[in-house]
Amino acid sequence: MAISFSKQPSGGTVYRGASKTMSCSATSSDGSALYYSWFRNGSSFGSGSSVRANTSVVGTASYYCKVVETSGGASRESNTAYLTVLATPVPVLDNPSGVTDKNCYLGDTFSFNASATVEKGTLSYQWQRSLTTSSWDSVATTATYTPPTNTISTYYYRCVVTNTLNGYTATTITNVGQVTVSDIPS
């Protein structure tokens with residue numbers, strides 16, 4: 001008896017959390033029913049003509065399918081497919097020095113910019129403010145932020161930029177800028 005493959009598993013590259021199915025299809029020369037067993041990095045991984053690959057772990061893994069005639073006859077292994085799972089891309093700040101120290105007077109207007117790019121995913125922004133840099137309060141959720149200057153004060157500002165892809169995240173935090181608002185000189 002002989003087993004022949006009409007479909008072999010295929011590898012590739014995906015981002016962490018992506019959906020990737022490994023499939024295999026074979027026939028027996030005598031028409032016997034077939035049983036499919038899957039292996040990931042040499043360990044049993046599942047059964048059936050297709051399985052969902054594990055994309056929760058970053059790295060490269062090998063997958064192959066062993067097909068056995070249920071009548072106890074022949075068995076054969078598919079080609080090995082290699083699947084590389086990449087980490088969620090970290091946001092890259094368009095202007096790494098977009099948050100700097102500022103000395104200004106009551107009523108002055110200026111903005112910080114934390115715009116970023118990422119090869120794949122969805123960016124979100126969380127501007128934070130602190131009196132001491134030991135605990136942070138959220139103040140805005142846009143790429144650009146205009147701190148209030150209506151009170152004499154000193155605050156520290158930063159922005160947490162997060163990329164979300166397939167349910168996983170990667171984060172970049174801007175440098176911290178100290179904003180000192182002074183009274184208008186007389």
# chains A, B, ... in the order shown; residues from 1 in each chain; ligands from 1
$ residues_around --residues "Thr144 (chain A)" --least-positions-apart "4" --cutoff "10 Å" --atoms "only C-alpha atoms" --output "ChimeraX atom specification"
/A:98,111-115,125,127,140,159
$ residues_around --residues "Ser130 (chain A)" --least-positions-apart "5" --cutoff "7 Å" --atoms "only C-alpha atoms" --output "list in words"
Ser135, Trp136, Asp137, Tyr155, Tyr156 and Tyr157 of chain A
$ write_last_selection --atoms "all heavy atoms" --output "mmCIF file, in the first residue's frame"
data_model
loop_
_atom_site.group_PDB
_atom_site.id
_atom_site.type_symbol
_atom_site.label_atom_id
_atom_site.label_comp_id
_atom_site.auth_asym_id
_atom_site.auth_seq_id
_atom_site.Cartn_x
_atom_site.Cartn_y
_atom_site.Cartn_z
ATOM 1 N N SER A 135 4.573 58.760 39.933
ATOM 2 C CA SER A 135 3.253 58.255 39.564
ATOM 3 C C SER A 135 2.703 59.173 38.481
ATOM 4 O O SER A 135 2.942 60.388 38.497
ATOM 5 C CB SER A 135 2.317 58.203 40.772
ATOM 6 O OG SER A 135 2.018 59.499 41.219
ATOM 7 N N TRP A 136 1.980 58.569 37.547
ATOM 8 C CA TRP A 136 1.539 59.291 36.358
ATOM 9 C C TRP A 136 0.024 59.266 36.232
ATOM 10 O O TRP A 136 -0.601 58.232 36.459
ATOM 11 C CB TRP A 136 2.164 58.662 35.115
ATOM 12 C CG TRP A 136 3.660 58.801 35.094
ATOM 13 C CD1 TRP A 136 4.572 57.930 35.628
ATOM 14 C CD2 TRP A 136 4.416 59.881 34.565
ATOM 15 N NE1 TRP A 136 5.838 58.402 35.443
ATOM 16 C CE2 TRP A 136 5.780 59.597 34.784
ATOM 17 C CE3 TRP A 136 4.074 61.052 33.891
ATOM 18 C CZ2 TRP A 136 6.793 60.455 34.370
ATOM 19 C CZ3 TRP A 136 5.087 61.903 33.478
ATOM 20 C CH2 TRP A 136 6.427 61.602 33.723
ATOM 21 N N ASP A 137 -0.556 60.406 35.845
ATOM 22 C CA ASP A 137 -1.987 60.519 35.562
ATOM 23 C C ASP A 137 -2.175 60.648 34.056
ATOM 24 O O ASP A 137 -1.413 61.354 33.384
ATOM 25 C CB ASP A 137 -2.578 61.771 36.229
ATOM 26 C CG ASP A 137 -2.491 61.712 37.741
ATOM 27 O OD1 ASP A 137 -2.724 60.630 38.305
ATOM 28 O OD2 ASP A 137 -2.184 62.760 38.349
ATOM 29 N N TYR A 155 5.188 70.580 35.959
ATOM 30 C CA TYR A 155 4.738 69.210 35.735
ATOM 31 C C TYR A 155 5.695 68.522 34.770
ATOM 32 O O TYR A 155 6.385 69.174 33.986
ATOM 33 C CB TYR A 155 3.326 69.170 35.116
ATOM 34 C CG TYR A 155 2.213 69.415 36.096
ATOM 35 C CD1 TYR A 155 1.558 70.645 36.128
ATOM 36 C CD2 TYR A 155 1.795 68.417 36.971
ATOM 37 C CE1 TYR A 155 0.516 70.875 37.022
ATOM 38 C CE2 TYR A 155 0.761 68.643 37.863
ATOM 39 C CZ TYR A 155 0.131 69.868 37.881
ATOM 40 O OH TYR A 155 -0.897 70.086 38.767
ATOM 41 N N TYR A 156 5.685 67.216 34.847
ATOM 42 C CA TYR A 156 6.446 66.380 33.917
ATOM 43 C C TYR A 156 5.449 65.690 32.990
ATOM 44 O O TYR A 156 4.389 65.245 33.431
ATOM 45 C CB TYR A 156 7.274 65.328 34.670
ATOM 46 C CG TYR A 156 8.278 65.950 35.598
ATOM 47 C CD1 TYR A 156 7.956 66.226 36.921
ATOM 48 C CD2 TYR A 156 9.550 66.262 35.140
ATOM 49 C CE1 TYR A 156 8.880 66.807 37.768
ATOM 50 C CE2 TYR A 156 10.491 66.851 35.987
ATOM 51 C CZ TYR A 156 10.147 67.116 37.304
ATOM 52 O OH TYR A 156 11.058 67.685 38.149
ATOM 53 N N TYR A 157 5.805 65.577 31.701
ATOM 54 C CA TYR A 157 4.926 64.960 30.704
ATOM 55 C C TYR A 157 5.682 63.896 29.922
ATOM 56 O O TYR A 157 6.891 64.024 29.687
ATOM 57 C CB TYR A 157 4.397 66.011 29.718
ATOM 58 C CG TYR A 157 3.471 67.011 30.356
ATOM 59 C CD1 TYR A 157 3.964 68.181 30.912
ATOM 60 C CD2 TYR A 157 2.107 66.779 30.399
ATOM 61 C CE1 TYR A 157 3.119 69.096 31.513
ATOM 62 C CE2 TYR A 157 1.249 67.693 30.992
ATOM 63 C CZ TYR A 157 1.758 68.852 31.549
ATOM 64 O OH TYR A 157 0.919 69.751 32.145
#
$ residues_around --residues "Ala81 (chain A)" --least-positions-apart "6" --cutoff "6 Å" --atoms "only C-alpha atoms" --output "number ranges by chain"
A: 9-11, 62-63
$ closest_residue --among "A:Val92, A:Cys104, A:Ile3, A:Leu165" --to "Asp30 (chain A)" --atoms "only C-alpha atoms"
A:Ile3
$ closest_residue --among "A:Gly72, A:Thr27, A:Met22, A:Asn175" --to "Ser49 (chain A)" --atoms "only C-alpha atoms"
A:Met22
$ residues_around --residues "region 107-109 of chain A" --least-positions-apart "5" --cutoff "10 Å" --atoms "only C-alpha atoms" --output "ChimeraX atom specification"
/A:146-152,181-184
$ write_last_selection --atoms "N, CA, C and O atoms" --output "tab-separated table (two decimals), in the first residue's frame"
chain	number	residue	atom	x	y	z
A	146	THR	N	-1.25	69.53	23.93
A	146	THR	CA	-0.96	70.90	24.34
A	146	THR	C	-1.18	71.01	25.84
A	146	THR	O	-2.34	70.99	26.30
A	147	PRO	N	-0.09	71.09	26.63
A	147	PRO	CA	-0.25	71.17	28.08
A	147	PRO	C	-0.91	72.50	28.49
A	147	PRO	O	-0.68	73.53	27.84
A	148	PRO	N	-1.71	72.48	29.54
A	148	PRO	CA	-2.31	73.73	30.01
A	148	PRO	C	-1.24	74.63	30.65
A	148	PRO	O	-0.32	74.13	31.30
A	149	THR	N	-1.38	75.93	30.43
A	149	THR	CA	-0.43	76.89	31.01
A	149	THR	C	-1.18	78.00	31.74
A	149	THR	O	-0.74	79.14	31.78
A	150	ASN	N	-2.31	77.65	32.33
A	150	ASN	CA	-3.13	78.66	33.00
A	150	ASN	C	-2.86	78.76	34.50
A	150	ASN	O	-3.51	79.52	35.20
A	151	THR	N	-1.90	77.97	35.02
A	151	THR	CA	-1.57	77.98	36.44
A	151	THR	C	-0.05	77.94	36.59
A	151	THR	O	0.63	77.19	35.86
A	152	ILE	N	0.47	78.71	37.53
A	152	ILE	CA	1.90	78.64	37.81
A	152	ILE	C	2.17	77.25	38.39
A	152	ILE	O	1.57	76.86	39.40
A	181	VAL	N	5.70	76.56	34.30
A	181	VAL	CA	4.90	77.72	33.94
A	181	VAL	C	5.13	78.78	35.01
A	181	VAL	O	4.89	78.55	36.20
A	182	SER	N	5.61	79.94	34.58
A	182	SER	CA	5.93	81.04	35.49
A	182	SER	C	4.97	82.21	35.27
A	182	SER	O	4.34	82.33	34.21
A	183	ASP	N	4.92	83.10	36.27
A	183	ASP	CA	4.12	84.31	36.14
A	183	ASP	C	4.76	85.21	35.08
A	183	ASP	O	5.97	85.22	34.89
A	184	ILE	N	3.93	85.96	34.41
A	184	ILE	CA	4.41	86.88	33.39
A	184	ILE	C	5.18	87.99	34.11
A	184	ILE	O	4.69	88.58	35.06
$ select_by_dssp --residues "region 25-63 of chain A" --states "strand (DSSP E or B)" --output "PyMOL selection string"
chain A and resi 25-28+34-40+43-47+50-52+59-63
$ residues_around --residues "Leu34 (chain A)" --least-positions-apart "6" --cutoff "8 Å" --atoms "only C-alpha atoms" --output "MDAnalysis selection string"
chainID A and resid 26:28 67:70
$ write_last_selection --atoms "N, CA, C and O atoms" --output "tab-separated table (two decimals), in the first residue's frame"
chain	number	residue	atom	x	y	z
A	26	ALA	N	-3.90	13.61	1.81
A	26	ALA	CA	-3.25	12.44	1.23
A	26	ALA	C	-4.31	11.41	0.82
A	26	ALA	O	-5.47	11.48	1.23
A	27	THR	N	-3.88	10.46	0.02
A	27	THR	CA	-4.74	9.35	-0.38
A	27	THR	C	-3.94	8.06	-0.26
A	27	THR	O	-2.71	8.06	-0.35
A	28	SER	N	-4.66	6.98	-0.06
A	28	SER	CA	-4.05	5.66	0.00
A	28	SER	C	-4.31	4.95	-1.34
A	28	SER	O	-5.42	5.05	-1.89
A	67	VAL	N	0.90	10.55	8.28
A	67	VAL	CA	-0.35	9.96	7.81
A	67	VAL	C	-0.22	8.44	7.90
A	67	VAL	O	0.77	7.86	7.43
A	68	VAL	N	-1.22	7.79	8.52
A	68	VAL	CA	-1.20	6.34	8.72
A	68	VAL	C	-2.50	5.75	8.18
A	68	VAL	O	-3.58	6.30	8.42
A	69	GLU	N	-2.38	4.64	7.47
A	69	GLU	CA	-3.58	3.92	7.05
A	69	GLU	C	-4.21	3.29	8.28
A	69	GLU	O	-3.53	2.60	9.05
A	70	THR	N	-5.49	3.51	8.48
A	70	THR	CA	-6.16	2.98	9.68
A	70	THR	C	-6.23	1.46	9.67
A	70	THR	O	-6.41	0.84	10.71
